[in-house]
Structures are given as structure tokens and as C-alpha cells.
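Structure below is data38.cif: mmCIF, C-alpha atoms.
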```cif
data_structure
#
loop_
_atom_site.label_atom_id
_atom_site.label_comp_id
_atom_site.auth_asym_id
_atom_site.auth_seq_id
_atom_site.Cartn_x
_atom_site.Cartn_y
_atom_site.Cartn_z
CA MET A 1 -16.27 33.33 -6.31
CA VAL A 2 -12.89 32.52 -4.83
CA HIS A 3 -12.25 28.79 -5.12
CA ARG A 4 -9.88 28.47 -2.21
CA THR A 5 -9.82 26.18 0.80
CA GLU A 6 -7.54 26.83 3.75
CA THR A 7 -6.57 23.76 5.74
CA ARG A 8 -4.64 23.91 8.99
CA VAL A 9 -3.57 21.20 11.39
CA HIS A 10 -2.67 21.76 15.04
CA ILE A 11 -2.20 19.78 18.22
CA GLN A 12 -5.25 19.86 20.42
CA ARG A 13 -3.35 20.16 23.67
CA GLY A 14 -2.38 23.83 23.90
CA GLY A 15 -3.44 24.73 20.36
CA GLU A 16 0.09 24.59 18.94
CA ALA A 17 0.25 24.95 15.14
CA ILE A 18 1.84 22.13 13.15
CA TYR A 19 0.90 22.93 9.56
CA SER A 20 -0.90 25.70 7.69
CA ARG A 21 -1.56 25.74 3.99
CA TYR A 22 -1.84 29.53 3.70
CA GLY A 23 -0.20 32.24 5.77
CA LYS A 24 2.70 32.23 8.19
CA GLU A 25 2.00 30.48 11.44
CA GLU A 26 3.20 33.40 13.54
CA ASN A 27 0.64 35.67 11.83
CA ILE A 28 -2.34 33.43 12.60
CA VAL A 29 -1.41 32.09 16.02
CA GLY A 30 -4.33 34.02 17.51
CA LEU A 31 -6.77 32.08 15.31
CA TYR A 32 -5.40 28.80 16.65
CA GLY A 33 -6.06 30.03 20.17
CA VAL A 34 -9.67 30.89 19.30
CA MET A 35 -10.24 27.48 17.68
CA GLN A 36 -8.73 25.71 20.68
CA ALA A 37 -10.99 27.67 23.03
CA LEU A 38 -14.07 26.75 20.99
CA LEU A 39 -13.12 23.08 20.98
CA SER A 40 -12.43 23.05 24.71
CA CYS A 41 -15.75 24.72 25.46
CA VAL A 42 -17.70 22.16 23.44
CA GLN A 43 -15.73 19.20 24.78
CA ASP A 44 -16.31 20.37 28.37
CA SER A 45 -19.99 19.82 27.60
CA SER A 46 -19.23 16.24 26.48
CA ASP A 47 -20.01 17.12 22.88
CA ASP A 48 -18.14 17.34 19.57
CA LEU A 49 -17.64 20.35 17.32
CA HIS A 50 -18.11 19.47 13.64
CA CYS A 51 -18.59 22.78 11.84
CA ILE A 52 -19.31 26.49 12.16
CA ARG A 53 -21.08 28.43 9.41
CA SER A 54 -20.76 32.18 8.93
CA SER A 55 -22.18 34.37 6.17
CA ASP A 56 -19.38 33.53 3.74
CA ARG A 57 -17.20 30.90 5.43
CA LEU A 58 -17.49 27.29 6.50
CA PHE A 59 -15.27 26.02 9.33
CA VAL A 60 -15.03 22.22 9.52
CA PHE A 61 -13.32 20.39 12.37
CA ARG A 62 -12.04 16.83 12.46
CA CYS A 63 -10.35 15.33 15.51
CA HIS A 64 -7.76 12.56 15.62
CA PRO A 65 -6.66 13.00 19.25
CA PRO A 66 -4.43 14.70 20.10
CA LEU A 67 -4.50 16.23 16.61
CA VAL A 68 -7.23 18.59 15.46
CA MET A 69 -7.61 19.58 11.81
CA VAL A 70 -9.60 22.56 10.66
CA ALA A 71 -10.69 23.53 7.14
CA VAL A 72 -11.67 27.15 6.57
CA ALA A 73 -13.39 27.37 3.19
CA HIS A 74 -15.08 29.81 0.86
CA THR A 75 -16.27 27.32 -1.78
CA ASN A 76 -19.33 25.29 -2.77
CA GLU A 77 -17.98 22.25 -0.94
CA SER A 78 -20.18 20.74 1.76
CA GLU A 79 -19.27 19.87 5.31
CA GLU A 80 -18.95 16.21 4.33
CA GLN A 81 -16.60 17.01 1.45
CA LEU A 82 -14.35 19.21 3.58
CA SER A 83 -14.34 16.63 6.36
CA ARG A 84 -13.20 14.03 3.84
CA GLN A 85 -10.45 16.43 2.73
CA LEU A 86 -9.22 16.69 6.31
CA GLN A 87 -9.27 12.91 6.59
CA TYR A 88 -6.93 12.78 3.60
CA VAL A 89 -4.56 15.24 5.30
CA HIS A 90 -4.46 12.98 8.35
CA ASN A 91 -4.01 9.87 6.20
CA GLN A 92 -1.14 11.57 4.35
CA ALA A 93 0.65 11.93 7.69
CA VAL A 94 -0.09 8.27 8.46
CA PHE A 95 1.27 7.38 4.99
CA PHE A 96 4.73 8.52 6.14
CA LEU A 97 4.61 7.79 9.88
CA THR A 98 2.01 5.01 10.48
CA GLN A 99 -0.82 5.35 12.96
CA SER A 100 0.91 3.21 15.58
CA HIS A 101 4.02 5.43 15.47
CA LEU A 102 1.90 8.58 15.92
CA ALA A 103 0.15 6.98 18.89
CA ARG A 104 3.47 6.06 20.52
CA LEU A 105 4.86 9.58 20.09
CA PHE A 106 1.99 11.20 21.98
CA LYS A 107 1.56 8.41 24.50
CA ASN A 108 5.07 8.99 25.81
CA ARG A 109 5.05 12.80 25.48
CA HIS A 110 1.70 14.59 25.30
CA ASN A 111 3.38 17.87 24.31
CA TYR A 112 5.59 16.31 21.63
CA ASP A 113 6.39 18.72 18.76
CA LEU A 114 5.26 16.75 15.71
CA ARG A 115 6.92 19.21 13.34
CA ARG A 116 10.19 17.32 13.84
CA GLN A 117 8.62 14.26 12.21
CA LEU A 118 6.98 16.28 9.41
CA THR A 119 10.11 17.95 8.02
CA GLY A 120 9.84 17.95 4.24
CA LEU A 121 6.23 16.76 4.24
CA PRO A 122 4.19 20.02 3.87
CA LYS A 123 4.56 19.77 0.08
CA PHE A 124 2.72 16.44 0.22
CA PHE A 125 -0.03 17.97 2.38
CA ASN A 126 -0.33 20.83 -0.13
CA GLY A 127 -0.36 18.27 -2.93
CA ILE A 128 -3.14 16.12 -1.49
CA ILE A 129 -5.32 19.17 -0.74
CA GLY A 130 -4.86 20.50 -4.27
CA PHE A 131 -5.54 17.01 -5.60
CA VAL A 132 -8.82 16.83 -3.64
CA GLU A 133 -9.91 20.27 -4.85
CA GLU A 134 -9.38 19.45 -8.53
CA GLU A 135 -9.82 15.73 -9.08
CA HIS A 136 -13.29 14.20 -9.53
CA SER A 137 -12.16 10.81 -8.20
CA PHE A 138 -11.94 12.24 -4.67
CA LEU A 139 -15.46 13.61 -4.91
CA LEU A 140 -16.83 10.25 -6.07
CA GLN A 141 -14.49 8.20 -3.83
CA SER A 142 -13.18 6.21 -6.76
CA ILE A 143 -10.21 5.79 -9.06
CA ARG A 144 -9.85 7.49 -12.42
CA CYS A 145 -8.71 5.10 -15.12
CA LEU A 146 -6.89 6.13 -18.28
CA PRO A 147 -9.21 5.60 -21.30
CA MET A 148 -7.43 3.25 -23.68
CA PRO A 149 -8.07 0.18 -25.86
CA GLN A 150 -8.80 -2.87 -23.74
CA SER A 151 -6.30 -4.88 -25.77
CA LEU A 152 -3.47 -2.54 -24.75
CA ARG A 153 -4.49 -2.57 -21.09
CA ASN A 154 -4.57 -6.38 -21.19
CA GLU A 155 -1.12 -6.40 -22.77
CA ILE A 156 0.34 -4.19 -20.02
CA THR A 157 -1.33 -6.28 -17.32
CA ALA A 158 0.04 -9.48 -18.86
CA ILE A 159 3.56 -8.03 -18.82
CA LEU A 160 3.24 -7.15 -15.14
CA LEU A 161 1.94 -10.65 -14.35
CA SER A 162 4.64 -12.45 -16.30
CA ASN A 163 7.38 -10.59 -14.40
CA ARG A 164 5.82 -10.76 -10.96
CA CYS A 165 8.14 -12.11 -8.28
CA PRO A 166 7.05 -13.71 -4.96
CA GLU A 167 8.12 -10.65 -2.96
CA LEU A 168 5.88 -8.29 -4.95
CA VAL A 169 2.55 -7.29 -3.36
CA PHE A 170 1.28 -4.62 -5.79
CA ALA A 171 2.44 -3.52 -9.24
CA ILE A 172 0.79 -0.32 -10.49
CA VAL A 173 1.25 1.67 -13.70
CA ILE A 174 0.18 5.32 -13.34
CA TYR A 175 -0.16 8.09 -15.88
CA ARG A 176 -0.30 11.33 -13.92
CA ARG A 177 -3.46 10.91 -11.81
CA GLN A 178 -4.89 8.00 -13.78
CA ILE A 179 -4.47 4.26 -13.37
CA VAL A 180 -3.27 2.29 -16.37
CA SER A 181 -3.09 -1.14 -14.74
CA ILE A 182 -2.91 -2.80 -11.31
CA VAL A 183 -1.71 -6.30 -10.47
CA ARG A 184 -2.33 -7.66 -6.97
CA PRO A 185 -2.77 -10.99 -5.15
CA LYS A 186 -6.38 -12.20 -4.91
CA GLN A 187 -6.32 -12.02 -1.11
CA TYR A 188 -5.31 -8.33 -1.05
CA ALA A 189 -7.11 -5.21 -2.20
CA ILE A 190 -6.04 -1.60 -2.39
CA SER A 191 -8.69 1.04 -1.74
CA PRO A 192 -9.26 4.19 -3.82
CA GLN A 193 -8.23 6.25 -0.78
CA ASP A 194 -4.87 4.46 -0.50
CA LEU A 195 -4.32 4.81 -4.25
CA HIS A 196 -4.97 8.56 -4.01
CA LEU A 197 -2.28 8.89 -1.34
CA LEU A 198 0.08 6.81 -3.47
CA MET A 199 -0.55 8.89 -6.59
CA ASN A 200 0.02 12.10 -4.63
CA TYR A 201 3.32 10.69 -3.37
CA VAL A 202 4.38 9.74 -6.91
CA GLN A 203 3.35 13.04 -8.49
CA THR A 204 4.50 15.39 -5.73
CA GLY A 205 7.82 13.66 -5.23
CA SER A 206 8.46 13.04 -8.94
CA THR A 207 11.56 11.00 -9.76
CA ARG A 208 11.84 12.37 -13.30
CA GLY A 209 15.49 13.22 -13.89
CA HIS A 210 16.48 11.56 -10.60
CA GLY A 211 16.30 7.86 -11.43
CA GLU A 212 14.14 6.11 -8.87
CA LYS A 213 12.89 6.20 -5.29
CA TRP A 214 12.90 3.49 -2.65
CA ALA A 215 11.02 4.41 0.51
CA PRO A 216 8.76 3.03 3.24
CA CYS A 217 5.09 3.96 3.19
CA CYS A 218 1.93 3.11 5.10
CA LEU A 219 -1.37 2.55 3.28
CA PRO A 220 -3.90 3.34 6.03
CA ASP A 221 -6.80 1.28 4.68
CA PHE A 222 -4.53 -1.67 3.93
CA ASN A 223 -2.69 -1.62 7.28
CA ASP A 224 -2.32 1.61 9.28
CA GLY A 225 0.11 0.05 11.75
CA GLY A 226 2.98 -1.02 9.52
CA TYR A 227 5.11 -0.15 6.52
CA LEU A 228 5.22 -1.38 2.98
CA TYR A 229 8.15 -0.47 0.71
CA ILE A 230 7.81 1.38 -2.60
CA HIS A 231 10.03 1.29 -5.66
CA ASP A 232 8.90 4.23 -7.83
CA SER A 233 10.36 5.06 -11.24
CA TYR A 234 9.41 6.13 -14.77
CA ILE A 235 9.23 3.47 -17.47
CA SER A 236 11.04 5.72 -19.97
CA ASP A 237 12.60 9.15 -20.33
CA THR A 238 9.94 10.28 -22.80
CA LEU A 239 6.70 9.07 -21.17
CA ASP A 240 5.15 10.58 -18.03
CA VAL A 241 4.22 7.08 -16.88
CA SER A 242 5.29 5.71 -13.50
CA LEU A 243 5.79 2.12 -12.47
CA VAL A 244 5.20 1.56 -8.76
CA LEU A 245 6.29 -1.75 -7.24
CA ILE A 246 5.31 -2.42 -3.62
CA THR A 247 6.66 -5.12 -1.32
CA ASN A 248 6.30 -5.82 2.40
CA GLU A 249 9.98 -6.74 2.76
CA ARG A 250 12.48 -3.95 3.41
CA GLU A 251 15.46 -5.89 2.05
CA GLN A 252 13.96 -6.38 -1.43
CA HIS A 253 15.20 -3.16 -3.06
CA LEU A 254 17.47 -4.94 -5.55
CA THR A 255 14.71 -7.44 -6.31
CA MET A 256 12.34 -4.61 -7.20
CA ILE A 257 15.00 -3.01 -9.42
CA THR A 258 15.41 -6.30 -11.30
CA CYS A 259 11.64 -6.69 -11.60
CA LYS A 260 11.32 -3.18 -13.04
CA GLN A 261 14.10 -3.80 -15.57
CA GLN A 262 12.42 -6.99 -16.77
CA ILE A 263 9.06 -5.25 -17.16
CA VAL A 264 10.59 -2.38 -19.15
CA GLU A 265 12.59 -4.76 -21.36
CA GLN A 266 9.46 -6.72 -22.25
CA MET A 267 7.53 -3.49 -22.94
CA VAL A 268 10.29 -2.41 -25.32
CA ALA A 269 10.41 -5.82 -27.02
CA GLN A 270 6.62 -5.84 -27.59
CA LYS A 271 6.55 -2.16 -28.62
CA THR A 272 4.13 -1.53 -25.77
CA MET A 273 5.61 1.89 -25.07
CA GLU A 274 5.01 3.00 -28.64
CA LYS A 275 1.36 1.95 -28.39
CA LEU A 276 1.01 3.70 -25.04
CA GLU A 277 2.61 6.85 -26.40
CA ALA A 278 0.06 6.89 -29.23
CA VAL A 279 -2.80 6.70 -26.71
CA LEU A 280 -1.34 9.52 -24.62
CA GLY A 281 -0.89 11.63 -27.74
CA SER A 282 -4.61 11.40 -28.55
CA PRO A 283 -6.43 11.93 -25.24
CA PHE A 284 -10.10 11.06 -24.85
CA VAL A 285 -12.35 14.16 -25.13
CA SER A 286 -16.10 14.66 -24.82
CA SER A 287 -16.58 15.04 -28.59
CA ASP A 288 -15.43 11.41 -28.99
CA THR A 289 -18.79 10.33 -27.54
CA LYS A 290 -20.65 11.96 -30.49
CA ILE A 291 -23.28 13.26 -28.02
CA PRO A 292 -24.52 16.69 -29.20
CA HIS A 293 -23.92 19.69 -26.96
CA LEU A 294 -21.99 17.65 -24.37
CA HIS A 295 -19.21 19.71 -22.78
CA HIS A 296 -17.96 17.25 -20.16
CA PHE A 297 -19.02 14.24 -18.08
CA ILE A 298 -18.02 11.91 -15.25
CA TYR A 299 -19.09 8.28 -15.22
CA LYS A 300 -18.54 6.06 -12.17
CA SER A 301 -19.01 2.32 -11.88
CA ARG A 302 -20.04 1.66 -8.28
CA SER A 303 -19.10 -2.01 -8.37
CA SER A 304 -15.49 -1.40 -9.43
CA GLN A 305 -15.15 2.06 -7.80
CA GLN A 306 -13.66 3.33 -11.06
CA LEU A 307 -14.55 6.39 -13.07
CA VAL A 308 -13.84 7.77 -16.48
CA SER A 309 -14.00 11.37 -17.66
CA PRO A 310 -12.65 13.16 -20.73
CA GLU A 311 -9.85 15.68 -20.80
CA TYR A 312 -10.97 19.29 -20.44
CA THR A 313 -11.56 21.20 -23.67
CA LEU A 314 -13.32 24.47 -24.47
CA PRO A 315 -15.05 26.14 -22.72
CA TYR A 316 -12.89 24.90 -19.79
CA SER A 317 -9.48 26.00 -21.02
CA SER A 318 -8.39 27.89 -17.88
CA GLU A 319 -7.80 26.64 -14.35
CA GLU A 320 -10.50 29.00 -13.09
CA ASP A 321 -13.01 27.52 -15.56
CA ARG A 322 -12.14 23.98 -14.50
CA ARG A 323 -12.39 24.79 -10.81
CA SER A 324 -15.75 26.44 -11.43
CA LEU A 325 -17.06 23.30 -13.14
CA HIS A 326 -15.69 21.08 -10.37
CA ALA A 327 -17.50 23.26 -7.83
CA LYS A 328 -20.72 22.73 -9.80
CA TYR A 329 -20.16 18.96 -9.73
CA CYS A 330 -19.63 19.21 -5.97
CA LEU A 331 -22.96 20.99 -5.62
CA VAL A 332 -24.88 18.43 -7.71
CA TYR A 333 -23.15 15.53 -5.93
CA ASP A 334 -24.09 16.95 -2.55
CA LYS A 335 -27.73 17.39 -3.59
CA LEU A 336 -27.91 13.75 -4.69
CA HIS A 337 -26.05 12.18 -1.79
CA HIS A 338 -26.75 14.42 1.20
CA SER A 339 -30.23 15.79 0.58
CA ASP A 340 -33.07 15.35 3.05
CA GLN A 341 -35.05 13.95 0.13
CA LYS A 342 -34.00 10.76 -1.60
CA LEU A 343 -33.10 11.87 -5.13
CA SER A 344 -31.91 9.89 -8.14
CA ILE A 345 -31.79 12.84 -10.57
CA TYR A 346 -30.74 16.42 -9.97
CA TYR A 347 -30.59 19.11 -12.64
CA ASP A 348 -28.88 22.48 -12.25
CA ILE A 349 -28.89 25.26 -14.83
CA ASP A 350 -27.27 28.67 -15.06
CA PRO A 351 -26.47 31.01 -17.99
CA ARG A 352 -23.22 29.18 -18.71
CA GLU A 353 -24.03 25.47 -18.51
CA SER A 354 -26.53 22.80 -17.54
CA VAL A 355 -25.37 20.01 -15.23
CA VAL A 356 -27.38 16.85 -14.62
CA GLY A 357 -26.57 14.16 -12.08
CA TYR A 358 -28.16 10.72 -12.31
CA LEU A 359 -27.83 7.89 -9.76
CA MET A 360 -28.45 4.32 -10.91
CA SER A 361 -28.21 1.02 -9.07
CA ASN A 362 -24.69 0.20 -10.23
CA SER A 363 -23.38 3.52 -11.55
CA GLU A 364 -23.72 7.29 -11.47
CA ILE A 365 -23.14 9.92 -14.12
CA TYR A 366 -22.71 13.70 -14.16
CA CYS A 367 -23.02 15.50 -17.50
CA THR A 368 -22.47 19.11 -18.51
CA PHE A 369 -24.35 20.49 -21.52
CA LEU A 370 -24.96 23.78 -23.18
CA PRO A 371 -27.24 26.00 -21.06
CA LEU A 372 -31.05 25.91 -21.35
CA ARG A 373 -31.11 22.28 -22.43
CA ASN A 374 -34.19 20.25 -21.48
CA PRO A 375 -33.40 17.81 -18.60
CA ALA A 376 -35.27 14.94 -20.22
CA CYS A 377 -33.39 15.51 -23.45
CA CYS A 378 -30.07 15.46 -21.59
CA LEU A 379 -30.89 12.10 -20.03
CA GLU A 380 -31.92 10.68 -23.37
CA GLN A 381 -28.52 11.72 -24.77
CA HIS A 382 -26.89 9.74 -21.96
#
```

Show me this structure written as C-alpha cells.
Amino acid sequence: MVHRTETRVHIQRGGEAIYSRYGKEENIVGLYGVMQALLSCVQDSSDDLHCIRSSDRLFVFRCHPPLVMVAVAHTNESEEQLSRQLQYVHNQAVFFLTQSHLARLFKNRHNYDLRRQLTGLPKFFNGIIGFVEEEHSFLLQSIRCLPMPQSLRNEITAILLSNRCPELVFAIVIYRRQIVSIVRPKQYAISPQDLHLLMNYVQTGSTRGHGEKWAPCCLPDFNDGGYLYIHDSYISDTLDVSLVLITNEREQHLTMITCKQQIVEQMVAQKTMEKLEAVLGSPFVSSDTKIPHLHHFIYKSRSSQQLVSPEYTLPYSSEEDRRSLHAKYCLVYDKLHHSDQKLSIYYDIDPRESVVGYLMSNSEIYCTFLPLRNPACCLEQH
């Protein structure tokens, strides 16, 4: 099976292409015309076009007038999962431009060429789509936390709190695609969806070797009509750990630099970086659970919208193997959440592996075992 999803975005009026993940726009302009004709035909009947299924393809449409996004997929992903992926593509544009700015552009000029505003941004669209295809936190609409001793997480959080200045809204420590710690005011929250956009921005536009970044951003769930301002940098030259400081005041760049310096100095003084480096050097793997025959798992707390999963080990050493397993998780997730029957347990088996999904009142878990394992036995292991 080819684990590939093609996502294209175009303006509804006239079917003009803005972005395509695969292929040159001039080579697929005819496809845009066909999609525009289909949309127009359905809309003339006062209806909406959500998806088209063929023998081996799924076409999913999502409209944010005057923009139309289309996913063309040959994967195990469902309509709902692909629609969510398209929503992330739209939100990634809002992240840089704000929803109110997009609305103003098209209100004044219906045929405005949005590509002028998106210069340099396709890499972030590619990044968020790849992120969605690979990362379990998108599937479960949650945030993946870095497994680590609670004492160390508390220590990092205390350092962030002790150096918090009045202008700071959020302080976030990120290791690759995992959250280490977040500090925020009690009256504000940051959604998993906004954190995903933020992590894609940090990872895709890495500052390693280039000091730091200071840039405006829009977090759509927090406030899609205005900008916040991000100071993004690494805490050291040897650790792949980012410190993201967010303020709502554009003039506070120097304040954020000072705040970052104070945080790093305290981490050095308390040898926090050495402790963090030790954790990163010994990643959490499925064998640490001591559960027999367990290859991999995902555990999500519904109340906190956080999940934990181990690093991939054998038999998932290649990217193809990992994508295959993620596709299996997508299938089991879809059966549990979008089935006509109300299910709390779903078990799938093939010659390679057995995957069980289990929904509980405050959590859900997906486990992968050796093939031909008894479902009841798998649940007992959990």
C-alpha cells in the first residue's frame, strides 16, 4: 500500500491553484478545473460536497470561502481524518496571516492572488501535513508529552515560573514534537491544535545554528483575529530542546531575550540541562513497561488531552513500518469513534501484528502485540 496523501488548496472563484503538495501546478491545472466544476454543480443545488470515493482513492473537500481545500488520498485514513488534516492546512495559513486579514483581502478583491501572501510558507504546509500523517497526537487530538521523571518536570516548570515576567503569556519547552513543560496564566488555555501549529513552526523553521527567531503568529483557537509574538530559541547548542516564549506585545522582543537568558542561566546553575540530557539519552521504549509481547502503545488521558507513547523499536525500524502501524491505528481509531455501532473495544489482527483499541470513561489506549494473541489476554496485560 502506498501511504501517501496529496493535499491541494485553491481559490474557489475560478479554480485558481494556490498550493499543491505534489506535482507542478501547471501539470495538474486541468484537475483543478474538474474539481471547481464539481463544486459549482453541487453548490448550484444548494448543497455541499464533502467527499468522493473511487475504487482506490478518496477525495475530501473542505471549504473556507473563498478557499477550497481538497485531499486526494490512497491511505487507510477516513473522511473525518482527512478533513481534519485540511483544517490544519487552513489553520497553518491563519497562523501566519490571521483570519481577519484573510477576510479583508478577499472582501476588497475577490480575485486576489493569495500566493503573494504565502511566499515562503509551502514548507510549513508540507510540514504540517507530514506531521499529521506520522504523529499520533493529531489522530487523538491531544498533545504528546515527553516521558520523564516528575521531579525533573517540576524543576523545569519551577524555573519557568520563577523567571516569568508580566509581559509573558505562554512559556513552553519542546523536545522535537513532545512537550516538556508549559507555563500559562490561569485565565488562558492553549489547545492541542494550536500547540501542533506552534510545534510545526518551531521544527520546520528550526533556529539551530541561527540564534533565535522573533515573529508574529496567530493561534486560531486562542484568537484567530490577532497576533501574538514568539521568541523561539534552543536552550543549548547540544540539546534539541526549544524554549518558546509568547507575548501579546510587539515591543517586548528585548524583554523576551532577557527572560530566556535568565531561564537558561538558572537551568545551568541547577544542572537541569545535564538531567534533561540524561533523559533524552535513554528514551522510553515499550519494553520498559515489562508487558510481554507488547510492541507499541498509545495512551491518552481525555481529561488533560495528553498522550504518551514509547519510541519506535523493532519491528518498526523503517519509516515504511512506522507509517504502516500508524495506518493501522487510524483504522482502529475510526472503528471506535465513527462506527454505526457504539464500541468500547475493537480488535484487529493480521499476520504481522495484533492491535487492540479500548475506550474508557477518562482515557483510551491502543496497543500493538505479537500476532495471534488472544484479545482478552491483551486487555489483561493492559

The PyMOL selection byres ((chain A and resi 132) around 12) applied to the shown file, residues as a PDB file with C-alpha atoms, in the coordinates of the input:
```pdb
ATOM      1  CA  ARG A   4      -9.880  28.470  -2.210  1.00  0.00           C
ATOM      2  CA  THR A   5      -9.820  26.180   0.800  1.00  0.00           C
ATOM      3  CA  THR A   7      -6.570  23.760   5.740  1.00  0.00           C
ATOM      4  CA  GLU A  77     -17.980  22.250  -0.940  1.00  0.00           C
ATOM      5  CA  GLN A  81     -16.600  17.010   1.450  1.00  0.00           C
ATOM      6  CA  LEU A  82     -14.350  19.210   3.580  1.00  0.00           C
ATOM      7  CA  SER A  83     -14.340  16.630   6.360  1.00  0.00           C
ATOM      8  CA  ARG A  84     -13.200  14.030   3.840  1.00  0.00           C
ATOM      9  CA  GLN A  85     -10.450  16.430   2.730  1.00  0.00           C
ATOM     10  CA  LEU A  86      -9.220  16.690   6.310  1.00  0.00           C
ATOM     11  CA  GLN A  87      -9.270  12.910   6.590  1.00  0.00           C
ATOM     12  CA  TYR A  88      -6.930  12.780   3.600  1.00  0.00           C
ATOM     13  CA  VAL A  89      -4.560  15.240   5.300  1.00  0.00           C
ATOM     14  CA  PHE A 125      -0.030  17.970   2.380  1.00  0.00           C
ATOM     15  CA  ASN A 126      -0.330  20.830  -0.130  1.00  0.00           C
ATOM     16  CA  GLY A 127      -0.360  18.270  -2.930  1.00  0.00           C
ATOM     17  CA  ILE A 128      -3.140  16.120  -1.490  1.00  0.00           C
ATOM     18  CA  ILE A 129      -5.320  19.170  -0.740  1.00  0.00           C
ATOM     19  CA  GLY A 130      -4.860  20.500  -4.270  1.00  0.00           C
ATOM     20  CA  PHE A 131      -5.540  17.010  -5.600  1.00  0.00           C
ATOM     21  CA  GLU A 133      -9.910  20.270  -4.850  1.00  0.00           C
ATOM     22  CA  GLU A 134      -9.380  19.450  -8.530  1.00  0.00           C
ATOM     23  CA  GLU A 135      -9.820  15.730  -9.080  1.00  0.00           C
ATOM     24  CA  HIS A 136     -13.290  14.200  -9.530  1.00  0.00           C
ATOM     25  CA  SER A 137     -12.160  10.810  -8.200  1.00  0.00           C
ATOM     26  CA  PHE A 138     -11.940  12.240  -4.670  1.00  0.00           C
ATOM     27  CA  LEU A 139     -15.460  13.610  -4.910  1.00  0.00           C
ATOM     28  CA  LEU A 140     -16.830  10.250  -6.070  1.00  0.00           C
ATOM     29  CA  GLN A 141     -14.490   8.200  -3.830  1.00  0.00           C
ATOM     30  CA  SER A 142     -13.180   6.210  -6.760  1.00  0.00           C
ATOM     31  CA  ARG A 177      -3.460  10.910 -11.810  1.00  0.00           C
ATOM     32  CA  GLN A 193      -8.230   6.250  -0.780  1.00  0.00           C
ATOM     33  CA  HIS A 196      -4.970   8.560  -4.010  1.00  0.00           C
ATOM     34  CA  LEU A 197      -2.280   8.890  -1.340  1.00  0.00           C
ATOM     35  CA  MET A 199      -0.550   8.890  -6.590  1.00  0.00           C
ATOM     36  CA  ASN A 200       0.020  12.100  -4.630  1.00  0.00           C
ATOM     37  CA  ARG A 323     -12.390  24.790 -10.810  1.00  0.00           C
ATOM     38  CA  HIS A 326     -15.690  21.080 -10.370  1.00  0.00           C
ATOM     39  CA  ALA A 327     -17.500  23.260  -7.830  1.00  0.00           C
ATOM     40  CA  CYS A 330     -19.630  19.210  -5.970  1.00  0.00           C
TER      41      CYS A 330
END
```

Kindly provide the residues of range 221-330 of chain A that approach range 335-349 of chain A to within 12 Å, each paired with its closest atom pair and their distance in Å to one decimal, based on all atoms listed in the file, listed by chain and increasing number, as JSON lines.
```
{"residue": "A:Leu325", "atom": "CA", "partner": "A:Asp348", "partner_atom": "CA", "distance": 11.9}
{"residue": "A:Lys328", "atom": "CA", "partner": "A:Asp348", "partner_atom": "CA", "distance": 8.5}
{"residue": "A:Tyr329", "atom": "CA", "partner": "A:Asp348", "partner_atom": "CA", "distance": 9.7}
{"residue": "A:Cys330", "atom": "CA", "partner": "A:Lys335", "partner_atom": "CA", "distance": 8.6}
```

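Distance check against Arg164 in chain A using all atoms listed in the file: of A:Thr119, A:Pro147, A:Tyr188, A:Gln262, the minimum falls on A:Gln262.
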
Ranking A:Tyr229, A:Ser236, A:Arg109, A:Leu198 by minimum distance to Met267 in chain A and counting all atoms listed in the file, which one comes first?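 With all atoms listed in the file as the atom set, the closest residue is A:Ser236.
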
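Take CA of Val180 in chain A and CA of Leu254 in chain A: the distance between them is 24.5 Å.
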
Quick check, in Å to one decimal: how far apart do CA of Asn154 in chain A and CA of Glu274 in chain A lie?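 Atom-to-atom, CA of Asn154 in chain A to CA of Glu274 in chain A, that is 15.3 Å.
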
Residues within 10 Å of range 50-58 of chain A, please, as a PyMOL selection string. Count all atoms listed in the file; anything in the same chain fewer than 5 positions from it doesn't count. chain A and resi 5+39+63+70-80+82-83

Next, dump the selected residues to file, keeping only C-alpha atoms, as a CSV table (one decimal), in the coordinates of the input.
```
chain,number,residue,atom,x,y,z
A,5,THR,CA,-9.8,26.2,0.8
A,39,LEU,CA,-13.1,23.1,21.0
A,63,CYS,CA,-10.4,15.3,15.5
A,70,VAL,CA,-9.6,22.6,10.7
A,71,ALA,CA,-10.7,23.5,7.1
A,72,VAL,CA,-11.7,27.2,6.6
A,73,ALA,CA,-13.4,27.4,3.2
A,74,HIS,CA,-15.1,29.8,0.9
A,75,THR,CA,-16.3,27.3,-1.8
A,76,ASN,CA,-19.3,25.3,-2.8
A,77,GLU,CA,-18.0,22.2,-0.9
A,78,SER,CA,-20.2,20.7,1.8
A,79,GLU,CA,-19.3,19.9,5.3
A,80,GLU,CA,-19.0,16.2,4.3
A,82,LEU,CA,-14.4,19.2,3.6
A,83,SER,CA,-14.3,16.6,6.4
```
